[in-house]
Amino acid sequence: MRANTAQPRRLALILVLILISQFSLSAQQKPDCTVRVTLLQVNDVYQFAPVDLGARGGIARVLTLKQEIENHSPNTLFLLAGDTISPSVESITYKGSQMIDAWNASGLDYATFGNHEFDFGPDVLRQRMKESRFKWVAANVIDKKTGKPFGDAQAYVVREFDGVKVGIFGLTLEETKTTSRPGADVEFLNPCETAKKMVSELHARGVKTVVALTHLSMSEDKEVARCADVDVIIGGHEHTLLESVSGGAPIFKMTADARELGQIDLNISRDTGAVESIDSKVIPVTSKTKEDARFKSLYRKYGALLKELSQVVGRSSVELDARSAVGRKQETNVGNFVADSFRAATGADVGLMNGGSIRADEIIGPGPLTKRDVLSILPFKNRVVKLELTGALLRSALEHGVARSAEDKEPGRFPQVSGVRFAFDARRPPGSRIVELTVNGKPLDEKKKYTLATTEYVGIDGGDGYAMLKEARLLTPREQGQFDSDVLQAAIAVKKVIAPKVEGRIKRLDKDQRQNLDCR
Ligand SMILES: [Zn+2]
């Protein structure tokens, strides 16, 4: 009996040993050959709480997803491809520190500068960098005084995973110099030239896998991919889900506000250190993913503000066009509604708002309108004031409003109006472009006195060049004026449902050649 049972037992043991040896061989072989490094990507994130009335986004949800991915892909780096400190309603108060708090809680590894990082000037950005528990990488953003990357940013970082080295360098739009406020001491070097230099420095350090973390336009990203030997570009700026290949390198961009999390797996040869293949997927960040509990303290800190901003004040049954490039060149339905609300709140004959002070820079609705929407349209807390002026002065103010319409792409002075209708021809010389002008249905009388509602910025301070209005008689002392956002909110609340239209208050007679409406 014993001999009979011992025989098959021994056989089974041998079989098990063979199986174990084969299994462990294949288990050893795989990591021996390939190292997987996972890049998690977000870009252009201006709010840490979920957006789209809670349906999408939210960095606390991203952290939950990150945790799950890290469980089976331990070599994970979490990357932000720029734009987070501005613009947002929260940043009016916190100047981006609320986002740094959120990134710190999320375990972000590296960020590069977007153009909006400099919106509050270089000193505020330096302060935000000091608060960051992650590293900023910026190869082409140089402090002229030191010749080194701005603040305590590094041109690149090198990370080693299971014996393979991965280098990450950062690039930012050169136009940041003029579209934001980096100050005189910050220069932006050519992305392509910088990328070439970074790649050769990284190669010299034995790094074979190179990641460019960028905030550039897609055409510039493609150029970088062609001119430098990068393996992958993690980019941003367009707010559009984009995927492209150039010069053999894939380029990935998510939309904005963490509505998606990009997962890019680099399968790197342990022998050569080079990328053998790349797997990628776009993970939607939705209410199906629960928020990581580590964000609780953040919600405690900012909860009251978030709650206030999410209050619904009314609805719009139409799309509200608050795009900057549109409101600075033509009549918009938002411009009409704002100017109407100023006029109604003060009982003035005419309402005027400079297009440059209408923000948000997006189409809002149709749907519920929150306090956040109102403040994103009018973020500056300007007081609405009432002036008395002659028809001649009103005409010259409106002439000023269209005096740069042929010359500049987006003149902030462009007037959004209520109570007046006018036609202008931008081929005519500045100062005599208006060819038709009526006030409340009657031709303007140059000698007659009219009342005008506008902001203190335009009406008292002469902002956007409206210095001529200093000649008008001020009927509301500045401090008695209501805040523009309060006026707008009240006008929405009274109507409950708004549906403003573009109704031909402003007609442009020459054909405008400029079509660049989608710059961010
Ligand atoms: Zn940007």
# chains A, B, ... in the order shown; residues from 1 in each chain; ligands from 1
$ closest_atom_pairs --of "chain A" --to "ligand 1" --cutoff "7 Å" --atoms "only C-alpha atoms and all ligand atoms" --output "tab-separated table"
residue	atom	partner	partner_atom_place_in_ligand_line	distance
A:Asp44	CA	ligand 1	1 (Zn)	6.7
A:Gly82	CA	ligand 1	1 (Zn)	7.0
A:Asp83	CA	ligand 1	1 (Zn)	5.6
A:Gly114	CA	ligand 1	1 (Zn)	5.3
A:Asn115	CA	ligand 1	1 (Zn)	5.1
A:His116	CA	ligand 1	1 (Zn)	6.2
A:His215	CA	ligand 1	1 (Zn)	6.4
A:Gly236	CA	ligand 1	1 (Zn)	6.9
A:His237	CA	ligand 1	1 (Zn)	3.8
A:Glu238	CA	ligand 1	1 (Zn)	6.8
A:Arg520	CA	ligand 1	1 (Zn)	6.0
$ residues_around --residues "Lys447 of chain A" --least-positions-apart "4" --cutoff "12 Å" --atoms "only C-alpha atoms" --output "list in words"
Leu389, Thr390, Gly391, Ala392, Leu393, Leu394, Arg395 and Pro443 of chain A
$ write_last_selection --atoms "N, CA and C atoms" --output "PDB file, in the first residue's frame"
ATOM      1  N   LEU A 389     -24.241 112.990 -19.405  1.00  0.00           N
ATOM      2  CA  LEU A 389     -23.318 113.491 -20.434  1.00  0.00           C
ATOM      3  C   LEU A 389     -24.086 113.987 -21.644  1.00  0.00           C
ATOM      4  N   THR A 390     -23.424 114.780 -22.480  1.00  0.00           N
ATOM      5  CA  THR A 390     -24.090 115.295 -23.683  1.00  0.00           C
ATOM      6  C   THR A 390     -24.076 114.212 -24.761  1.00  0.00           C
ATOM      7  N   GLY A 391     -24.945 114.382 -25.733  1.00  0.00           N
ATOM      8  CA  GLY A 391     -24.974 113.471 -26.873  1.00  0.00           C
ATOM      9  C   GLY A 391     -23.622 113.429 -27.574  1.00  0.00           C
ATOM     10  N   ALA A 392     -22.972 114.591 -27.645  1.00  0.00           N
ATOM     11  CA  ALA A 392     -21.665 114.659 -28.317  1.00  0.00           C
ATOM     12  C   ALA A 392     -20.646 113.790 -27.578  1.00  0.00           C
ATOM     13  N   LEU A 393     -20.678 113.844 -26.250  1.00  0.00           N
ATOM     14  CA  LEU A 393     -19.722 113.058 -25.459  1.00  0.00           C
ATOM     15  C   LEU A 393     -20.042 111.559 -25.565  1.00  0.00           C
ATOM     16  N   LEU A 394     -21.327 111.246 -25.587  1.00  0.00           N
ATOM     17  CA  LEU A 394     -21.727 109.842 -25.749  1.00  0.00           C
ATOM     18  C   LEU A 394     -21.237 109.311 -27.095  1.00  0.00           C
ATOM     19  N   ARG A 395     -21.380 110.145 -28.130  1.00  0.00           N
ATOM     20  CA  ARG A 395     -20.906 109.721 -29.442  1.00  0.00           C
ATOM     21  C   ARG A 395     -19.393 109.486 -29.402  1.00  0.00           C
ATOM     22  N   PRO A 443     -32.721 109.550 -33.351  1.00  0.00           N
ATOM     23  CA  PRO A 443     -31.333 109.925 -33.680  1.00  0.00           C
ATOM     24  C   PRO A 443     -30.692 110.674 -32.515  1.00  0.00           C
TER      25      PRO A 443
END
$ residues_around --residues "Pro368 of chain A" --least-positions-apart "2" --cutoff "12 Å" --atoms "only C-alpha atoms" --output "NGL selection string"
:A and (52-53 or 310-320 or 364-366 or 370-374 or 492-493 or 496-498)
$ atom_distance --atom1 "atom CA of Thr112 of chain A" --atom2 "atom CA of Thr172 of chain A"
7.4 Å
$ select_by_dssp --residues "segment 183-385 of chain A" --states "alpha helix (DSSP H)" --output "VMD selection string"
chain A and resid 191 to 204 218 to 227 296 to 309 324 to 327 333 to 346 371 to 377
$ residues_around --residues "Ile142 of chain A" --least-positions-apart "2" --cutoff "9 Å" --atoms "only C-alpha atoms" --output "list in words"
Ala138, Ala139, Asn140, Lys144, Lys145, Thr146, Gly147, Lys148, Pro149, Phe150, Gly151, Asp185, Val186, Glu187, Phe188 and Leu189 of chain A
$ write_last_selection --atoms "N, CA, C and O atoms" --output "compact mmCIF listing (two decimals), in the first residue's frame"
# COMPACT_ATOMS: atom_id res chain seq x y z
N ALA A 138 10.56 73.09 -16.09
CA ALA A 138 10.40 74.16 -17.08
C ALA A 138 11.77 74.41 -17.72
O ALA A 138 12.61 75.06 -17.13
N ALA A 139 11.95 73.90 -18.91
CA ALA A 139 13.26 74.04 -19.56
C ALA A 139 13.41 75.35 -20.31
O ALA A 139 14.51 75.87 -20.45
N ASN A 140 12.28 75.90 -20.80
CA ASN A 140 12.42 77.10 -21.65
C ASN A 140 11.91 78.38 -20.99
O ASN A 140 11.78 79.41 -21.64
N LYS A 144 16.04 85.73 -16.36
CA LYS A 144 17.21 86.37 -16.98
C LYS A 144 18.30 86.68 -15.96
O LYS A 144 19.49 86.72 -16.29
N LYS A 145 17.90 86.94 -14.71
CA LYS A 145 18.89 87.33 -13.70
C LYS A 145 19.82 86.17 -13.34
O LYS A 145 20.99 86.39 -13.01
N THR A 146 19.29 84.95 -13.37
CA THR A 146 20.11 83.80 -12.98
C THR A 146 20.51 82.93 -14.17
O THR A 146 21.43 82.12 -14.07
N GLY A 147 19.79 83.10 -15.28
CA GLY A 147 20.03 82.23 -16.44
C GLY A 147 19.49 80.82 -16.23
O GLY A 147 19.74 79.92 -17.03
N LYS A 148 18.76 80.64 -15.13
CA LYS A 148 18.23 79.31 -14.79
C LYS A 148 16.71 79.30 -14.93
O LYS A 148 16.09 80.36 -15.00
N PRO A 149 16.12 78.10 -14.91
CA PRO A 149 14.65 78.05 -14.97
C PRO A 149 14.01 78.88 -13.87
O PRO A 149 14.55 78.99 -12.76
N PHE A 150 12.84 79.46 -14.18
CA PHE A 150 12.14 80.36 -13.27
C PHE A 150 11.87 79.71 -11.90
O PHE A 150 11.54 78.53 -11.81
N GLY A 151 11.98 80.52 -10.87
CA GLY A 151 11.70 80.05 -9.51
C GLY A 151 12.67 78.94 -9.14
O GLY A 151 13.85 79.01 -9.47
N ASP A 185 11.74 90.14 -16.34
CA ASP A 185 12.91 89.29 -16.09
C ASP A 185 12.75 87.84 -16.54
O ASP A 185 13.65 87.03 -16.32
N VAL A 186 11.59 87.52 -17.09
CA VAL A 186 11.38 86.11 -17.49
C VAL A 186 11.36 86.03 -19.01
O VAL A 186 10.67 86.79 -19.67
N GLU A 187 12.18 85.12 -19.55
CA GLU A 187 12.12 84.93 -21.00
C GLU A 187 11.74 83.50 -21.35
O GLU A 187 11.95 82.57 -20.56
N PHE A 188 11.14 83.37 -22.52
CA PHE A 188 10.66 82.07 -22.98
C PHE A 188 11.46 81.68 -24.22
O PHE A 188 11.41 82.37 -25.24
N LEU A 189 12.23 80.62 -24.11
CA LEU A 189 13.09 80.21 -25.21
C LEU A 189 12.31 79.36 -26.22
O LEU A 189 11.27 78.78 -25.91
$ residues_around --residues "segment 196-212 of chain A" --least-positions-apart "4" --cutoff "9 Å" --atoms "only C-alpha atoms" --output "PyMOL selection string"
chain A and resi 139+155-156+158+164-171+191-192+224-225+227-235+266+268+272-275
$ atom_distance --atom1 "atom CA of Pro430 of chain A" --atom2 "atom CA of Val384 of chain A"
27.5 Å
$ atom_distance --atom1 "atom CA of Lys307 of chain A" --atom2 "atom CA of Leu369 of chain A"
14.0 Å
$ residues_around --residues "Ser297 of chain A" --least-positions-apart "4" --cutoff "12 Å" --atoms "only C-alpha atoms" --output "list in words"
Ala60, Gln98, Asp101, Ala102, Ala105, Asp292, Ala293, Lys301, Tyr302 and Gly303 of chain A
